[in-house]
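Colleague: Take a look at model_12.cif, mmCIF, C-alpha atoms and all ligand atoms; chains and numbers go by the auth columns:
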data_target
#
loop_
_atom_site.group_PDB
_atom_site.id
_atom_site.type_symbol
_atom_site.label_atom_id
_atom_site.label_comp_id
_atom_site.label_asym_id
_atom_site.label_seq_id
_atom_site.Cartn_x
_atom_site.Cartn_y
_atom_site.Cartn_z
_atom_site.B_iso_or_equiv
_atom_site.auth_seq_id
_atom_site.auth_asym_id
ATOM 1 C CA MET A 1 -90.588 130.978 -147.440 0.00 717 A
ATOM 2 C CA ARG A 2 -91.394 131.246 -151.110 0.00 718 A
ATOM 3 C CA ASN A 3 -88.826 132.717 -153.360 0.00 719 A
ATOM 4 C CA CYS A 4 -89.049 134.336 -156.719 0.00 720 A
ATOM 5 C CA SER A 5 -86.131 135.003 -159.011 0.00 721 A
ATOM 6 C CA SER A 6 -87.393 138.582 -159.266 0.00 722 A
ATOM 7 C CA GLY A 7 -86.213 138.986 -155.669 0.00 723 A
ATOM 8 C CA LYS A 8 -89.594 140.411 -154.665 0.00 724 A
ATOM 9 C CA VAL A 9 -91.772 139.337 -151.763 0.00 725 A
ATOM 10 C CA CYS A 10 -94.455 136.845 -152.799 0.00 726 A
ATOM 11 C CA HIS A 11 -98.059 137.343 -151.722 0.00 727 A
ATOM 12 C CA ASP A 12 -100.553 134.478 -151.879 0.00 728 A
ATOM 13 C CA ASN A 13 -103.363 136.436 -153.417 0.00 729 A
ATOM 14 C CA ARG A 14 -104.446 139.834 -154.583 0.00 730 A
ATOM 15 C CA THR A 15 -106.142 140.730 -151.302 0.00 731 A
ATOM 16 C CA ILE A 16 -102.994 140.132 -149.271 0.00 732 A
ATOM 17 C CA ALA A 17 -100.856 142.008 -151.786 0.00 733 A
ATOM 18 C CA GLU A 18 -103.309 144.901 -151.664 0.00 734 A
ATOM 19 C CA GLU A 19 -103.092 145.030 -147.873 0.00 735 A
ATOM 20 C CA GLU A 20 -99.321 145.168 -148.125 0.00 736 A
ATOM 21 C CA LEU A 21 -99.567 147.958 -150.690 0.00 737 A
ATOM 22 C CA VAL A 22 -101.833 149.912 -148.331 0.00 738 A
ATOM 23 C CA ARG A 23 -99.427 149.319 -145.450 0.00 739 A
ATOM 24 C CA VAL A 24 -96.367 150.450 -147.405 0.00 740 A
ATOM 25 C CA LEU A 25 -98.061 153.576 -148.768 0.00 741 A
ATOM 26 C CA ALA A 26 -99.399 154.445 -145.313 0.00 742 A
ATOM 27 C CA LYS A 27 -95.983 154.071 -143.762 0.00 743 A
ATOM 28 C CA TYR A 28 -93.719 155.661 -146.342 0.00 744 A
ATOM 29 C CA GLY A 29 -96.115 157.783 -148.343 0.00 745 A
ATOM 30 C CA GLU A 30 -96.120 158.080 -152.091 0.00 746 A
ATOM 31 C CA ARG A 31 -92.846 159.152 -153.574 0.00 747 A
ATOM 32 C CA ALA A 32 -90.730 158.331 -156.572 0.00 748 A
ATOM 33 C CA GLY A 33 -90.097 154.618 -156.586 0.00 749 A
ATOM 34 C CA SER A 34 -92.796 153.713 -154.085 0.00 750 A
ATOM 35 C CA PRO A 35 -95.127 150.911 -155.142 0.00 751 A
ATOM 36 C CA ASN A 36 -98.180 151.950 -157.093 0.00 752 A
ATOM 37 C CA GLY A 37 -99.741 148.639 -157.928 0.00 753 A
ATOM 38 C CA ILE A 38 -99.660 144.870 -157.771 0.00 754 A
ATOM 39 C CA TYR A 39 -99.299 142.227 -160.414 0.00 755 A
ATOM 40 C CA LEU A 40 -99.505 138.488 -160.872 0.00 756 A
ATOM 41 C CA CYS A 41 -96.012 137.179 -161.470 0.00 757 A
ATOM 42 C CA GLU A 42 -95.473 134.839 -164.391 0.00 758 A
ATOM 43 C CA ILE A 43 -92.365 133.355 -162.796 0.00 759 A
ATOM 44 C CA CYS A 44 -93.671 132.272 -159.393 0.00 760 A
ATOM 45 C CA GLY A 45 -97.442 132.528 -159.820 0.00 761 A
ATOM 46 C CA PHE A 46 -97.828 134.796 -156.788 0.00 762 A
ATOM 47 C CA TYR A 47 -98.497 138.505 -156.476 0.00 763 A
ATOM 48 C CA HIS A 48 -95.841 141.184 -156.100 0.00 764 A
ATOM 49 C CA LEU A 49 -95.921 144.908 -155.479 0.00 765 A
ATOM 50 C CA THR A 50 -94.584 147.010 -158.294 0.00 766 A
ATOM 51 C CA SER A 51 -93.578 150.619 -158.696 0.00 767 A
ATOM 52 C CA SER A 52 -94.140 150.576 -162.423 0.00 768 A
ATOM 53 C CA SER A 53 -97.762 149.550 -162.668 0.00 769 A
ATOM 54 C CA ARG A 54 -99.716 150.994 -165.564 0.00 770 A
ATOM 55 C CA GLU A 55 -103.072 150.297 -163.949 0.00 771 A
ATOM 56 C CA THR A 56 -102.730 152.753 -161.094 0.00 772 A
ATOM 57 C CA GLY A 57 -106.316 153.979 -161.234 0.00 773 A
ATOM 58 C CA TYR A 58 -107.558 152.006 -158.281 0.00 774 A
ATOM 59 C CA ILE A 59 -104.988 153.278 -155.777 0.00 775 A
ATOM 60 C CA HIS A 60 -106.392 156.747 -156.401 0.00 776 A
ATOM 61 C CA THR A 61 -110.009 155.810 -155.735 0.00 777 A
ATOM 62 C CA PRO A 62 -111.579 157.384 -152.619 0.00 778 A
ATOM 63 C CA GLU A 63 -112.002 153.930 -151.122 0.00 779 A
ATOM 64 C CA PHE A 64 -108.322 153.097 -151.457 0.00 780 A
ATOM 65 C CA ARG A 65 -107.236 156.514 -150.162 0.00 781 A
ATOM 66 C CA GLU A 66 -109.415 155.904 -147.129 0.00 782 A
ATOM 67 C CA ARG A 67 -107.715 152.543 -146.495 0.00 783 A
ATOM 68 C CA ILE A 68 -104.312 154.237 -146.660 0.00 784 A
ATOM 69 C CA ARG A 69 -105.482 156.989 -144.323 0.00 785 A
ATOM 70 C CA ARG A 70 -106.760 154.492 -141.778 0.00 786 A
ATOM 71 C CA ALA A 71 -103.606 152.392 -141.955 0.00 787 A
ATOM 72 C CA ALA A 72 -101.527 155.548 -141.414 0.00 788 A
ATOM 73 C CA LEU A 73 -103.552 156.306 -138.278 0.00 789 A
ATOM 74 C CA GLU A 74 -102.820 152.805 -137.001 0.00 790 A
ATOM 75 C CA ASN A 75 -99.117 153.372 -137.646 0.00 791 A
ATOM 76 C CA ASP A 76 -99.302 156.504 -135.509 0.00 792 A
ATOM 77 C CA TRP A 77 -100.766 154.495 -132.672 0.00 793 A
ATOM 78 C CA ASP A 78 -98.077 151.823 -133.019 0.00 794 A
ATOM 79 C CA ASP A 79 -95.381 154.468 -132.751 0.00 795 A
ATOM 80 C CA ARG A 80 -96.985 155.995 -129.682 0.00 796 A
ATOM 81 C CA TRP A 81 -96.815 152.764 -127.732 0.00 797 A
ATOM 82 C CA LYS A 82 -93.256 151.860 -128.531 0.00 798 A
HETATM 83 ZN ZN ZN B . -92.586 136.186 -158.766 0.00 801 B
#
Please render this file's structure as structure tokens.
Modeller:
Amino acid sequence: MRNCSSGKVCHDNRTIAEEELVRVLAKYGERAGSPNGIYLCEICGFYHLTSSSRETGYIHTPEFRERIRRAALENDWDDRWK
């Protein structure tokens, strides 16, 4: 398990971090303090989610909203089979 002194979860690349961002937003929704972007960490060299991203444009694109919507539907199914 990789560790970063920031205490955040490390993601190998941008794609994986993006998937995690989609998953978190689908599960918990967007509220104050929820992640709104990803960034390349200078400490560990991996990607982290952040709630203070200034480049939030892409999470509001129709394509990204659609990914969140689909992931939320999958969450519903997960819950139904538990
Ligand atoms: Zn880091």
Colleague: Using only C-alpha atoms, which of the listed residues (A:Lys724, A:Gly753, A:Ala733, A:Leu789) sits closest to Ile775 of chain A?
Modeller: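 Nearest candidate to Ile775 of chain A out of A:Lys724, A:Gly753, A:Ala733, A:Leu789: A:Gly753.
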Colleague: Convert the output of the PyMOL selection byres (((not hetatm)) within 7 of (chain B and resi 801)) on the shown file into explicit residues, formatted as a list in words.
Modeller: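 The output of the PyMOL selection byres (((not hetatm)) within 7 of (chain B and resi 801)) on this file is Cys720, Ser721, Ser722, Lys724, Cys726, Cys757, Glu758, Ile759, Cys760, Gly761, Phe762, Tyr763 and His764 of chain A.
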Colleague: Please provide the set of residues having any atom within 8 Å of segment 740-742 of chain A, restricted to only C-alpha atoms, with same-chain residues fewer than 4 positions apart removed, written as a ChimeraX atom specification.
Modeller: /A:736,746,750-751,784-785,787-788,791
Colleague: Quick one, how far is atom CA of Gly723 of chain A from atom CA of Gly745 of chain A?
Modeller: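 Answer for the atom CA of Gly723 of chain A to atom CA of Gly745 of chain A separation: 22.5 Å.
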Colleague: One decimal, in Å: what's the spacing between atom CA of Trp793 of chain A and atom CA of His727 of chain A?
Modeller: 25.8 Å
Colleague: Centre and edge lengths of an axis-aligned box around all listed atoms of segment 740-753 of chain A, with 4 Å added on each side, are to be given in Å to one decimal, as AutoDock Vina command-line options.
Modeller:
--center_x -94.9 --center_y 153.9 --center_z -150.8 --size_x 17.6 --size_y 18.5 --size_z 22.2
Colleague: Kindly give the distance, in Å, that separates atom CA of Arg747 of chain A and atom CA of Ser769 of chain A, rounded to a single decimal.
Modeller: 14.1 Å
Colleague: Which residue is closest to Glu771 of chain A? Choose from A:Tyr755, A:Ile732, A:Asp795, A:Tyr744 and count only C-alpha atoms.
Modeller: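 For Glu771 of chain A, the nearest of the given residues is A:Tyr755.
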Colleague: Which of these, A:Leu756, A:Arg730, A:Leu737, A:Asp794, has the shortest distance to Phe780 of chain A once you count all atoms listed in the file?
Modeller: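 Result for the nearest residue to Phe780 of chain A: A:Leu737.
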Colleague: Nearest to Gly773 of chain A: which of A:Asn729, A:Asn752, A:Asp792, A:Arg786 is it, counting all atoms listed in the file?
Modeller: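 Under the stated criterion, the closest residue is A:Asn752.
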Colleague: Considering only C-alpha atoms, can you say which of A:Val725, A:Val738, A:Asn719, A:Arg796 comes closest to His776 of chain A?
Modeller: A:Val738
Colleague: A:Arg718, A:Thr777, A:Gly749, A:Leu765: which is nearest Glu734 of chain A, counting only C-alpha atoms?
Modeller: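 Closest to Glu734 of chain A of all the choices is A:Leu765.
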Colleague: Would you fill the gaps in segment 779-797 of chain A so it has N, CA and C atoms, then print it as a tab-separated table (two decimals), in the coordinates of the input?
Modeller:
chain	number	residue	atom	x	y	z
A	779	GLU	N	-111.99	155.07	-152.02
A	779	GLU	CA	-112.00	153.93	-151.12
A	779	GLU	C	-110.58	153.52	-150.73
A	780	PHE	N	-109.70	153.50	-151.73
A	780	PHE	CA	-108.32	153.10	-151.46
A	780	PHE	C	-107.60	154.15	-150.63
A	781	ARG	N	-107.84	155.44	-150.95
A	781	ARG	CA	-107.24	156.51	-150.16
A	781	ARG	C	-107.64	156.41	-148.70
A	782	GLU	N	-108.90	156.04	-148.49
A	782	GLU	CA	-109.42	155.90	-147.13
A	782	GLU	C	-108.70	154.76	-146.40
A	783	ARG	N	-108.44	153.67	-147.11
A	783	ARG	CA	-107.72	152.54	-146.50
A	783	ARG	C	-106.31	152.97	-146.09
A	784	ILE	N	-105.66	153.76	-146.96
A	784	ILE	CA	-104.31	154.24	-146.66
A	784	ILE	C	-104.35	155.16	-145.44
A	785	ARG	N	-105.36	156.04	-145.43
A	785	ARG	CA	-105.48	156.99	-144.32
A	785	ARG	C	-105.66	156.25	-142.99
A	786	ARG	N	-106.51	155.25	-143.01
A	786	ARG	CA	-106.76	154.49	-141.78
A	786	ARG	C	-105.52	153.73	-141.33
A	787	ALA	N	-104.82	153.14	-142.29
A	787	ALA	CA	-103.61	152.39	-141.96
A	787	ALA	C	-102.55	153.33	-141.38
A	788	ALA	N	-102.49	154.57	-141.92
A	788	ALA	CA	-101.53	155.55	-141.41
A	788	ALA	C	-101.85	155.91	-139.97
A	789	LEU	N	-103.15	156.01	-139.65
A	789	LEU	CA	-103.55	156.31	-138.28
A	789	LEU	C	-103.11	155.19	-137.35
A	790	GLU	N	-103.25	153.94	-137.81
A	790	GLU	CA	-102.82	152.80	-137.00
A	790	GLU	C	-101.32	152.85	-136.77
A	791	ASN	N	-100.57	153.25	-137.80
A	791	ASN	CA	-99.12	153.37	-137.65
A	791	ASN	C	-98.77	154.37	-136.56
A	792	ASP	N	-99.53	155.50	-136.53
A	792	ASP	CA	-99.30	156.50	-135.51
A	792	ASP	C	-99.46	155.90	-134.12
A	793	TRP	N	-100.53	155.11	-133.97
A	793	TRP	CA	-100.77	154.50	-132.67
A	793	TRP	C	-99.64	153.54	-132.30
A	794	ASP	N	-99.19	152.76	-133.27
A	794	ASP	CA	-98.08	151.82	-133.02
A	794	ASP	C	-96.88	152.59	-132.47
A	795	ASP	N	-96.56	153.70	-133.14
A	795	ASP	CA	-95.38	154.47	-132.75
A	795	ASP	C	-95.53	155.00	-131.33
A	796	ARG	N	-96.76	155.38	-130.98
A	796	ARG	CA	-96.98	156.00	-129.68
A	796	ARG	C	-96.75	155.02	-128.54
A	797	TRP	N	-96.94	153.74	-128.82
A	797	TRP	CA	-96.82	152.76	-127.73
A	797	TRP	C	-95.47	152.08	-127.70
